[in-house]
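Undergrad: For reference, the file upload-v1.cif (mmCIF, C-alpha atoms and all ligand atoms) is included below:
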data_structure
loop_
_atom_site.label_atom_id
_atom_site.label_comp_id
_atom_site.auth_asym_id
_atom_site.auth_seq_id
_atom_site.Cartn_x
_atom_site.Cartn_y
_atom_site.Cartn_z
CA MET A 1 -5.08 17.23 25.77
CA ASP A 2 -2.01 15.67 24.32
CA GLU A 3 0.67 17.19 26.55
CA THR A 4 3.47 16.73 24.07
CA PHE A 5 1.89 18.46 21.14
CA GLY A 6 -0.84 20.57 22.67
CA PHE A 7 -3.89 19.24 20.90
CA MET A 8 -6.49 16.54 21.42
CA ASN A 9 -5.78 13.00 20.43
CA PRO A 10 -8.57 12.52 17.88
CA VAL A 11 -9.24 9.01 19.07
CA LYS A 12 -10.66 10.42 22.27
CA ASN A 13 -13.20 12.39 20.21
CA CYS A 14 -13.65 9.60 17.74
CA LYS A 15 -17.23 9.16 16.54
CA LYS A 16 -18.17 5.53 17.02
CA ASP A 17 -21.71 5.39 15.68
CA SER A 18 -23.14 5.29 12.21
CA LYS A 19 -25.66 8.02 13.18
CA PHE A 20 -22.91 10.62 12.73
CA PHE A 21 -22.34 9.68 9.09
CA SER A 22 -24.35 9.70 5.88
CA GLU A 23 -25.85 6.49 4.56
CA LYS A 24 -23.89 7.01 1.35
CA LEU A 25 -20.56 7.11 3.17
CA LEU A 26 -21.43 4.04 5.24
CA MET A 27 -22.47 2.08 2.15
CA ASN A 28 -19.24 3.12 0.42
CA LEU A 29 -17.24 1.80 3.36
CA LEU A 30 -19.19 -1.45 3.31
CA PHE A 31 -18.88 -1.83 -0.45
CA THR A 32 -15.13 -1.25 -0.36
CA MET A 33 -14.59 -3.82 2.40
CA LYS A 34 -16.78 -6.41 0.71
CA ARG A 35 -15.07 -5.84 -2.64
CA ILE A 36 -11.61 -6.29 -1.11
CA ARG A 37 -12.76 -9.40 0.81
CA LYS A 38 -14.39 -10.98 -2.26
CA VAL A 39 -11.40 -10.28 -4.50
CA GLU A 40 -9.08 -11.97 -2.00
CA GLU A 41 -11.47 -14.87 -1.41
CA ARG A 42 -11.52 -15.42 -5.17
CA ILE A 43 -7.72 -15.38 -5.28
CA ALA A 44 -7.72 -17.94 -2.45
CA LYS A 45 -10.21 -20.10 -4.34
CA GLU A 46 -8.15 -20.04 -7.55
CA TYR A 47 -4.75 -20.50 -5.89
CA PRO A 48 -4.77 -24.32 -5.64
CA SER A 49 -5.14 -24.61 -9.43
CA ASN A 50 -1.46 -23.55 -9.63
CA GLU A 51 -2.02 -20.90 -12.24
CA ILE A 52 -1.08 -18.17 -9.78
CA ARG A 53 2.67 -18.72 -9.38
CA CYS A 54 3.69 -15.82 -7.12
CA PRO A 55 3.73 -15.77 -3.29
CA THR A 56 0.51 -14.08 -2.20
CA HIS A 57 -0.23 -12.47 1.17
CA LEU A 58 -3.93 -12.02 1.84
CA SER A 59 -5.37 -9.42 4.20
CA ILE A 60 -8.77 -11.05 4.71
CA GLY A 61 -9.91 -9.79 8.13
CA GLN A 62 -7.92 -6.56 7.81
CA GLU A 63 -10.18 -4.60 5.42
CA ALA A 64 -11.48 -1.80 7.66
CA VAL A 65 -8.55 0.60 7.59
CA ALA A 66 -8.14 0.32 3.82
CA ALA A 67 -11.86 1.10 3.41
CA ALA A 68 -11.58 4.17 5.64
CA ILE A 69 -8.62 5.44 3.64
CA SER A 70 -10.51 4.87 0.38
CA GLN A 71 -13.04 7.51 1.45
CA LEU A 72 -10.50 10.07 2.60
CA VAL A 73 -7.65 10.30 0.12
CA HIS A 74 -7.67 11.60 -3.44
CA HIS A 75 -6.08 10.22 -6.60
CA SER A 76 -3.67 13.14 -6.41
CA ASP A 77 -2.43 11.92 -3.01
CA TYR A 78 0.27 9.26 -2.83
CA ALA A 79 0.39 5.88 -1.10
CA VAL A 80 2.89 3.04 -0.75
CA SER A 81 2.40 -0.36 0.82
CA THR A 82 3.88 -3.73 1.64
CA HIS A 83 3.90 -7.38 0.60
CA ARG A 84 0.32 -7.49 1.97
CA GLY A 85 -0.90 -4.73 -0.31
CA HIS A 86 -3.98 -5.83 -2.30
CA ALA A 87 -6.42 -4.00 0.00
CA HIS A 88 -4.38 -0.80 -0.01
CA TYR A 89 -3.98 -0.83 -3.80
CA LEU A 90 -7.72 -1.29 -4.31
CA ALA A 91 -8.63 1.26 -1.63
CA LYS A 92 -6.45 3.89 -3.31
CA GLY A 93 -8.27 3.27 -6.59
CA GLY A 94 -5.85 0.82 -8.21
CA ASP A 95 -7.18 -0.94 -11.28
CA LEU A 96 -8.48 -4.43 -10.49
CA PHE A 97 -7.80 -5.90 -13.94
CA SER A 98 -4.15 -4.78 -13.76
CA MET A 99 -3.79 -6.29 -10.28
CA ILE A 100 -5.31 -9.67 -11.11
CA SER A 101 -3.33 -9.75 -14.37
CA GLU A 102 -0.15 -9.11 -12.36
CA ILE A 103 -0.94 -11.91 -9.93
CA TYR A 104 -1.36 -14.29 -12.88
CA GLY A 105 1.90 -13.06 -14.47
CA LYS A 106 0.12 -11.67 -17.54
CA SER A 107 1.59 -8.88 -19.69
CA THR A 108 -1.49 -6.77 -18.90
CA GLY A 109 -0.37 -6.65 -15.25
CA CYS A 110 0.58 -3.43 -13.50
CA SER A 111 4.23 -4.60 -13.48
CA LYS A 112 3.86 -6.23 -16.91
CA GLY A 113 3.53 -9.62 -15.26
CA LYS A 114 7.06 -9.60 -13.83
CA GLY A 115 6.35 -8.47 -10.28
CA GLY A 116 3.48 -10.56 -8.98
CA SER A 117 1.28 -9.90 -5.98
CA MET A 118 4.00 -8.07 -4.03
CA HIS A 119 4.79 -5.49 -6.74
CA LEU A 120 1.61 -3.53 -7.28
CA ILE A 121 1.65 -0.03 -8.70
CA ASP A 122 -0.89 2.28 -10.32
CA LEU A 123 0.51 5.72 -11.11
CA ASP A 124 -2.87 6.98 -12.35
CA CYS A 125 -4.23 6.98 -8.81
CA GLY A 126 -1.02 7.79 -6.91
CA PHE A 127 -0.45 4.24 -5.70
CA MET A 128 3.32 4.33 -5.99
CA GLY A 129 4.26 0.76 -5.22
CA THR A 130 4.57 -2.18 -2.89
CA SER A 131 7.64 -4.21 -2.05
CA ALA A 132 8.59 -7.71 -0.98
CA ILE A 133 11.31 -6.29 1.29
CA VAL A 134 9.93 -5.43 4.71
CA GLY A 135 10.32 -1.68 5.38
CA ASN A 136 11.46 -0.99 1.82
CA SER A 137 8.57 1.21 0.77
CA ILE A 138 8.75 3.44 3.87
CA PRO A 139 11.59 5.73 2.66
CA THR A 140 9.88 5.93 -0.74
CA GLY A 141 6.68 7.06 0.96
CA VAL A 142 8.57 9.75 2.89
CA GLY A 143 10.30 10.87 -0.31
CA LEU A 144 6.84 11.32 -1.80
CA SER A 145 5.86 13.38 1.27
CA LEU A 146 8.82 15.64 0.60
CA ALA A 147 7.62 16.03 -2.99
CA CYS A 148 4.15 16.97 -1.68
CA GLN A 149 5.66 19.56 0.65
CA LEU A 150 7.77 21.07 -2.12
CA LYS A 151 4.70 21.31 -4.34
CA ASN A 152 2.80 22.88 -1.43
CA ASN A 153 -0.61 21.74 -2.68
CA ARG A 154 -2.11 19.93 0.37
CA GLN A 155 -1.27 16.49 -1.04
CA ILE A 156 -0.35 13.79 1.48
CA SER A 157 1.55 10.52 1.34
CA THR A 158 0.13 7.45 3.11
CA ILE A 159 2.64 4.82 4.16
CA PHE A 160 1.11 1.46 5.02
CA LEU A 161 3.29 -0.80 7.14
CA GLY A 162 2.99 -3.84 9.37
CA ASP A 163 4.06 -4.19 13.00
CA GLY A 164 7.12 -6.14 11.84
CA ALA A 165 8.32 -3.23 9.71
CA THR A 166 8.75 -1.12 12.86
CA GLU A 167 11.75 -3.37 13.60
CA GLU A 168 13.60 -2.17 10.48
CA GLY A 169 16.18 0.63 10.58
CA ALA A 170 14.61 2.27 7.54
CA PHE A 171 11.46 2.87 9.59
CA TYR A 172 13.30 4.97 12.20
CA GLU A 173 15.36 6.94 9.69
CA SER A 174 12.28 7.71 7.63
CA LEU A 175 10.01 8.65 10.52
CA ASN A 176 12.74 10.84 12.04
CA PHE A 177 13.30 12.68 8.74
CA SER A 178 9.58 13.08 8.18
CA VAL A 179 9.03 14.54 11.67
CA LEU A 180 12.11 16.76 11.40
CA LYS A 181 10.93 18.28 8.14
CA ASN A 182 7.25 18.42 9.18
CA LEU A 183 6.35 16.35 6.11
CA PRO A 184 2.74 15.47 5.21
CA SER A 185 3.19 11.75 5.94
CA LEU A 186 0.51 9.46 7.29
CA PHE A 187 2.08 6.29 8.69
CA ILE A 188 -0.57 3.59 9.02
CA CYS A 189 0.67 0.63 11.02
CA GLU A 190 -1.65 -2.36 10.81
CA ASN A 191 -0.56 -4.31 13.85
CA ASN A 192 -1.81 -7.83 13.18
CA LEU A 193 0.23 -9.11 16.15
CA TYR A 194 2.62 -11.23 14.07
CA SER A 195 5.63 -11.00 11.84
CA VAL A 196 5.26 -14.30 9.94
CA TYR A 197 5.09 -16.74 12.90
CA SER A 198 6.64 -14.50 15.59
CA PRO A 199 4.27 -12.77 17.99
CA LEU A 200 5.08 -9.28 19.23
CA SER A 201 6.03 -10.71 22.66
CA VAL A 202 9.24 -12.27 21.26
CA ARG A 203 10.14 -9.22 19.18
CA GLN A 204 9.41 -6.11 21.20
CA PRO A 205 9.49 -5.31 24.93
CA LEU A 206 6.30 -5.84 26.87
CA ASN A 207 4.53 -2.65 27.98
CA ARG A 208 5.99 -0.55 25.17
CA SER A 209 3.43 0.04 22.47
CA ILE A 210 4.32 0.63 18.84
CA GLU A 211 2.41 3.91 19.04
CA SER A 212 4.63 5.05 21.94
CA LEU A 213 7.73 4.25 19.90
CA ALA A 214 6.56 6.58 17.13
CA LYS A 215 5.59 9.22 19.67
CA SER A 216 9.07 9.13 21.20
CA ILE A 217 10.49 10.05 17.78
CA GLY A 218 8.21 13.08 17.72
CA ALA A 219 5.35 11.99 15.47
CA LYS A 220 1.80 12.88 16.34
CA THR A 221 0.21 9.56 17.15
CA ALA A 222 -3.07 7.78 17.64
CA TYR A 223 -4.24 4.26 18.46
CA CYS A 224 -7.50 3.05 16.97
CA ASP A 225 -9.46 -0.20 16.54
CA GLY A 226 -8.33 -1.55 13.16
CA ASN A 227 -11.45 -3.69 12.75
CA ASP A 228 -13.88 -0.82 13.11
CA ALA A 229 -14.32 1.06 9.84
CA ILE A 230 -16.33 3.86 11.43
CA LYS A 231 -13.78 4.58 14.15
CA ALA A 232 -10.97 4.31 11.61
CA TYR A 233 -12.76 6.74 9.29
CA SER A 234 -13.52 9.21 12.06
CA THR A 235 -9.99 9.13 13.44
CA LEU A 236 -8.31 9.34 10.06
CA SER A 237 -10.54 12.12 8.79
CA GLU A 238 -9.35 14.43 11.59
CA ILE A 239 -5.76 13.36 11.13
CA ILE A 240 -5.76 13.81 7.37
CA GLN A 241 -7.28 17.26 7.77
CA ASP A 242 -4.46 18.15 10.16
CA ILE A 243 -1.83 16.85 7.74
CA ARG A 244 -3.33 18.78 4.83
CA ASP A 245 -3.37 21.92 7.01
CA GLY A 246 0.39 21.62 7.49
CA GLY A 247 0.25 19.76 10.80
CA GLY A 248 3.07 17.39 9.86
CA THR A 249 3.67 13.71 10.33
CA TRP A 250 1.24 11.30 11.94
CA PHE A 251 1.61 7.66 12.97
CA VAL A 252 -1.53 5.64 13.69
CA GLU A 253 -1.45 2.13 15.13
CA PHE A 254 -4.41 -0.07 14.20
CA PRO A 255 -4.63 -3.44 15.96
CA THR A 256 -6.16 -6.04 13.61
CA TYR A 257 -5.74 -9.68 12.59
CA ARG A 258 -5.16 -11.65 9.41
CA TRP A 259 -7.37 -14.70 9.13
CA ARG A 260 -5.34 -16.76 6.65
CA GLU A 261 -1.76 -18.03 6.82
CA HIS A 262 1.06 -15.49 6.53
CA CYS A 263 1.66 -16.32 2.88
CA GLY A 264 -0.81 -18.34 0.89
CA TYR A 265 -4.50 -19.14 0.78
CA GLN A 266 -4.83 -21.64 3.62
CA PHE A 267 -5.51 -21.42 7.35
CA ASP A 268 -2.58 -22.29 9.62
CA ASN A 269 -3.87 -22.21 13.18
CA ASN A 270 -2.80 -25.83 13.54
CA ILE A 271 0.95 -25.26 13.19
CA GLY A 272 1.46 -23.92 16.68
CA TYR A 273 2.35 -20.24 16.53
CA ARG A 274 -1.18 -19.04 17.30
CA THR A 275 -4.22 -20.68 18.80
CA GLU A 276 -7.57 -21.56 17.30
CA LEU A 277 -9.12 -19.73 20.24
CA GLU A 278 -7.35 -16.49 19.35
CA PHE A 279 -8.38 -16.88 15.71
CA ILE A 280 -12.04 -17.46 16.65
CA LYS A 281 -12.01 -14.42 18.93
CA TRP A 282 -10.80 -12.20 16.08
CA LYS A 283 -13.08 -13.82 13.51
CA LYS A 284 -16.05 -12.88 15.70
CA ASN A 285 -14.69 -9.36 15.45
CA ASP A 286 -15.20 -9.42 11.66
CA PRO A 287 -14.89 -5.82 10.40
CA ILE A 288 -17.60 -6.34 7.77
CA LYS A 289 -20.16 -7.73 10.23
CA LYS A 290 -19.19 -5.03 12.70
CA LEU A 291 -19.95 -2.28 10.20
CA GLU A 292 -23.20 -3.94 9.09
CA ASN A 293 -24.37 -4.14 12.71
CA ASN A 294 -23.46 -0.53 13.36
CA ILE A 295 -25.26 0.66 10.21
CA LYS A 296 -28.35 -1.35 11.19
CA LYS A 297 -28.63 0.57 14.49
CA TYR A 298 -29.62 3.76 12.66
CA TYR A 299 -30.41 2.94 9.03
CA PRO A 300 -32.51 0.27 7.34
CA LEU A 301 -30.08 -2.23 5.87
CA GLU A 302 -32.20 -4.70 4.00
CA GLU A 303 -31.14 -8.17 2.91
CA LYS A 304 -31.97 -7.22 -0.65
CA SER A 305 -29.62 -4.25 -0.79
CA LEU A 306 -26.85 -6.39 0.74
CA ASN A 307 -27.49 -9.11 -1.84
CA ASP A 308 -27.50 -6.58 -4.68
CA MET A 309 -24.17 -5.28 -3.43
CA ASP A 310 -22.74 -8.83 -3.33
CA ILE A 311 -24.00 -9.59 -6.84
CA LYS A 312 -22.58 -6.37 -8.28
CA ILE A 313 -19.16 -7.14 -6.80
CA GLU A 314 -19.22 -10.80 -7.86
CA ASN A 315 -20.17 -9.88 -11.42
CA GLU A 316 -17.26 -7.47 -11.63
CA ILE A 317 -14.83 -10.06 -10.24
CA ASN A 318 -16.11 -12.83 -12.54
CA SER A 319 -15.72 -10.70 -15.62
CA ILE A 320 -12.22 -9.55 -14.62
CA PHE A 321 -10.97 -13.08 -13.91
CA GLU A 322 -12.36 -14.17 -17.26
CA LYS A 323 -10.68 -11.28 -19.07
CA VAL A 324 -7.38 -12.04 -17.32
CA SER A 325 -7.60 -15.72 -18.33
CA GLU A 326 -7.64 -14.57 -21.97
CA ALA A 327 -4.78 -12.08 -21.56
CA PRO A 328 -1.33 -13.00 -22.95
CA PHE A 329 1.80 -13.81 -20.95
CA PRO A 330 4.81 -11.55 -21.59
CA SER A 331 6.85 -12.68 -24.57
CA GLN A 332 10.26 -14.25 -24.00
CA LYS A 333 12.06 -11.30 -25.56
CA GLU A 334 10.68 -9.03 -22.81
CA ALA A 335 12.48 -11.04 -20.11
CA TYR A 336 15.38 -8.58 -19.84
CA GLU A 337 13.32 -5.39 -20.23
CA ASP A 338 12.33 -3.16 -17.28
CA ILE A 339 14.75 -4.82 -14.86
CA TYR A 340 17.78 -3.51 -12.96
CA ALA A 341 20.09 -6.50 -13.39
C1 LIG A 401 14.04 -7.09 5.11
C2 LIG A 401 13.20 -8.32 5.19
N1 LIG A 401 13.33 -9.13 6.25
C3 LIG A 401 12.57 -10.25 6.35
C4 LIG A 401 11.69 -10.57 5.35
C5 LIG A 401 10.80 -11.81 5.48
N2 LIG A 401 9.43 -11.37 5.78
C6 LIG A 401 8.50 -11.29 4.82
S1 LIG A 401 7.02 -10.74 5.41
C7 LIG A 401 7.62 -10.65 6.96
C8 LIG A 401 6.72 -10.25 8.10
C9 LIG A 401 6.50 -8.81 8.22
O1 LIG A 401 5.60 -8.59 9.26
P1 LIG A 401 4.71 -7.32 9.28
O2 LIG A 401 5.50 -6.12 8.89
O3 LIG A 401 4.06 -7.28 10.61
O4 LIG A 401 3.64 -7.57 8.12
P2 LIG A 401 2.49 -8.68 8.04
O5 LIG A 401 3.06 -9.81 7.23
O6 LIG A 401 2.13 -9.10 9.40
O7 LIG A 401 1.38 -8.02 7.31
C10 LIG A 401 8.96 -11.02 7.02
C11 LIG A 401 9.79 -11.02 8.24
C12 LIG A 401 11.61 -9.72 4.24
N3 LIG A 401 10.77 -9.95 3.23
N4 LIG A 401 12.36 -8.58 4.20
MG MG A 402 2.31 -8.13 11.24
#
Would you write the structure of this file as structure tokens?

TA:
Amino acid sequence: MDETFGFMNPVKNCKKDSKFFSEKLLMNLLFTMKRIRKVEERIAKEYPSNEIRCPTHLSIGQEAVAAAISQLVHHSDYAVSTHRGHAHYLAKGGDLFSMISEIYGKSTGCSKGKGGSMHLIDLDCGFMGTSAIVGNSIPTGVGLSLACQLKNNRQISTIFLGDGATEEGAFYESLNFSVLKNLPSLFICENNLYSVYSPLSVRQPLNRSIESLAKSIGAKTAYCDGNDAIKAYSTLSEIIQDIRDGGGTWFVEFPTYRWREHCGYQFDNNIGYRTELEFIKWKKNDPIKKLENNIKKYYPLEEKSLNDMDIKIENEINSIFEKVSEAPFPSQKEAYEDIYA
């Protein structure tokens, strides 16, 4: 039992095997992860041509948690995210054409081509925005939780953040307020061990986990493998149920790892802040392969169905990139519209 709050930490009951879940759910998780991975790999492939002009933070390697969320939240729920937000936007149901358009600065983009990769929004599915300022979207996410509570309709607000964002004052103020008011907030901290080039060891005391920080503020907390879509799904499904039932604010820490450089399409293991060995260790822990292997233990997962899935995703991506290439840039007269300055 969790002594502080009097109920079980769901991670301890977490179902780890595909046998507990339907084939349909497992294939949805796999499809979502592959789609996110392939979209970002395509962005990485196109980036050197210099047509994408905005800074772009890829989350290749970190797809599992987003996929789990995609199967658990509704369009009527809210979510906010960070500079590394492509996966979260897509998982919440964000429109792919609008996202790719935005990354290319086209007027068909979700921020009319003025925001770029770090300013994704899709109001139709409750994805309420991402921000280039670390920690910036956290208070917005808690404000949305307050709106959910006032409406009293079992909606929740998911707040994606990185480990680095837990070093921002806004994080503490927001979490404190959310806990105080018993708001339906789900804080999802994807701890990829780094804030740009700084490892956790130079930023936070040893032997104090991020989860324990959130717990000390009064949030219900859990710690779960961020590269295991099944564990993430199982853990989050219990937590989201609790939040919808009025259980209040949760904070879940998911250890994971980004494969590419902090910002950009390349690999940067050679510049000295992390080792090739560490990278290889995490790459072997590929969330997509991990899910495939787990599915294969209990269900037939044939090469053909995997290939069909790949082809379906690639066809969608090809047609969207083509459509975006034909879309117009914003006109010059729009330059001063929709801005605060
Ligand atoms: C307030 C603020 N401080 C610093 C930065 C520079 N910055 C951009 S991303 C980043 C790292 C954030 O790390 P984390 O929250 O762990 O997210 P990750 O990039 O690892 O996904 C930093 C420090 C910023 N954008 N905003
Ligand atoms: Mg980080």

Undergrad: Work out how far atom CA of A:Asn318 is from atom CA of A:Thr130, in Å to one decimal.

TA: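 Going from atom CA of A:Thr130 over to atom CA of A:Asn318 covers 25.2 Å.
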
Undergrad: Once you count all atoms listed in the file, what closest atom pair and distance in Å to one decimal does each residue of chain A within 7 Å of ligand LIG 401 (chain A) have, with rows by chain and rising residue number, as JSON lines?

TA:
{"residue": "A:His83", "atom": "CA", "partner": "A:LIG401", "partner_atom": "S1", "distance": 6.6}
{"residue": "A:Arg84", "atom": "CA", "partner": "A:LIG401", "partner_atom": "O7", "distance": 5.5}
{"residue": "A:Ala132", "atom": "CA", "partner": "A:LIG401", "partner_atom": "N3", "distance": 5.2}
{"residue": "A:Ile133", "atom": "CA", "partner": "A:LIG401", "partner_atom": "N4", "distance": 3.8}
{"residue": "A:Val134", "atom": "CA", "partner": "A:LIG401", "partner_atom": "N4", "distance": 4.0}
{"residue": "A:Gly135", "atom": "CA", "partner": "A:LIG401", "partner_atom": "C1", "distance": 6.6}
{"residue": "A:Leu161", "atom": "CA", "partner": "A:LIG401", "partner_atom": "O2", "distance": 6.0}
{"residue": "A:Gly162", "atom": "CA", "partner": "A:LIG401", "partner_atom": "O2", "distance": 3.4}
{"residue": "A:Asp163", "atom": "CA", "partner": "A:LIG401", "partner_atom": "O3", "distance": 3.9}
{"residue": "A:Gly164", "atom": "CA", "partner": "A:LIG401", "partner_atom": "O2", "distance": 3.4}
{"residue": "A:Ala165", "atom": "CA", "partner": "A:LIG401", "partner_atom": "O2", "distance": 4.1}
{"residue": "A:Asn191", "atom": "CA", "partner": "A:LIG401", "partner_atom": "O3", "distance": 6.4}
{"residue": "A:Asn192", "atom": "CA", "partner": "A:LIG401", "partner_atom": "O6", "distance": 5.6}
{"residue": "A:Leu193", "atom": "CA", "partner": "A:LIG401", "partner_atom": "O3", "distance": 7.0}
{"residue": "A:Tyr194", "atom": "CA", "partner": "A:LIG401", "partner_atom": "O6", "distance": 5.2}
{"residue": "A:Ser195", "atom": "CA", "partner": "A:LIG401", "partner_atom": "O1", "distance": 3.5}
{"residue": "A:Val196", "atom": "CA", "partner": "A:LIG401", "partner_atom": "C8", "distance": 4.7}
{"residue": "A:His262", "atom": "CA", "partner": "A:LIG401", "partner_atom": "O5", "distance": 6.1}

Undergrad: Give the answer as one residue: which of A:Ile239, A:Leu291, A:Lys296, A:Lys112 has the shortest atom-to-atom distance to A:Glu334, using all atoms listed in the file?

TA: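 Under the stated criterion, the closest residue is A:Lys112.
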
Undergrad: Find the distance between atom CA of A:Thr158 and atom CA of A:Leu146 and write it in Å to one decimal.

TA: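 Separating atom CA of A:Thr158 from atom CA of A:Leu146 is a distance of 12.2 Å.
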
Undergrad: List the spatial neighbours of A:Ile288 as a ChimeraX atom specification - criterion: any atom at most 10 Å away, all atoms listed in the file, same-chain residues fewer than 3 positions off excluded.

TA: /A:29-34,37,61-64,227-229,285,291-294

Undergrad: Taking into account only C-alpha atoms, which residue in the set A:Tyr233, A:Phe329, A:Trp282, A:Phe321 is nearest to A:Arg258?

TA: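 Looking only at the distances to A:Arg258, the closest residue turns out to be A:Trp282.
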
Undergrad: List every protein, DNA or RNA residue that has at least one atom no more than 9 Å from (1.3, 3.9, -8.8) in the file's coordinates, counting all atoms listed in the file, and write the result as a ChimeraX atom specification.

TA: /A:78-80,89,94,110,120-129

Undergrad: Between A:Gly115, A:Pro199, A:Gly105, A:Pro139, which residue has the minimum interatomic distance to ligand MG 402 (chain A), considering only C-alpha atoms and all ligand atoms?

TA: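 Counting only C-alpha atoms and all ligand atoms, the residue closest to ligand MG 402 (chain A) is A:Pro199.
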
Undergrad: I need the residue nearest ligand MG 402 (chain A) from this list: A:Lys106, A:His57, A:Lys181, A:Lys290. Use all atoms listed in the file for the distance.

TA: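 Under the stated criterion, the closest residue is A:His57.
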
Undergrad: Report the distance between atom CA of A:Leu25 and atom CA of A:Gly141 in Å, rounded to one decimal place.

TA: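 Between atom CA of A:Leu25 and atom CA of A:Gly141 the gap is 27.3 Å.
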
Undergrad: When you look at A:Ile52 with a cut-off of 7 Å (counting only C-alpha atoms), what residues show up, excluding the ones that are within fewer than 5 positions of it in the same chain? I need them as JSON, numbers by chain.

TA: {"A": [47, 103, 104]}

Undergrad: Please produce a file of those selected residues containing C-alpha atoms, as a compact mmCIF listing (two decimals), in the frame of the given file.

TA:
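Output below, filename again_11.txt:
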# COMPACT_ATOMS: atom_id res chain seq x y z
CA TYR A 47 -4.75 -20.50 -5.89
CA ILE A 103 -0.94 -11.91 -9.93
CA TYR A 104 -1.36 -14.29 -12.88

Undergrad: Find the residue from A:Tyr336, A:Ser216, A:Ile243, A:Thr249 that sits nearest to A:Ser174; use only C-alpha atoms when measuring.

TA: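 Distance minimum relative to A:Ser174 lands on A:Thr249.
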
Undergrad: First collect every listed atom of stretch 89-101 of chain A; then fit an axis-aligned box around them, widen it by 3 Å on each side, and give centre and edge lengths in Å to one decimal, as JSON.

TA:
{"center_x": -6.0, "center_y": -2.9, "center_z": -8.0, "size_x": 11.3, "size_y": 19.6, "size_z": 18.7}

Undergrad: Given the choices A:Ser70, A:Thr82, A:Ser117, A:Gln266, which gets closest to ligand MG 402 (chain A) if the distance is worked out from only C-alpha atoms and all ligand atoms?

TA: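 Using only C-alpha atoms and all ligand atoms, ligand MG 402 (chain A) sits closest to A:Thr82.
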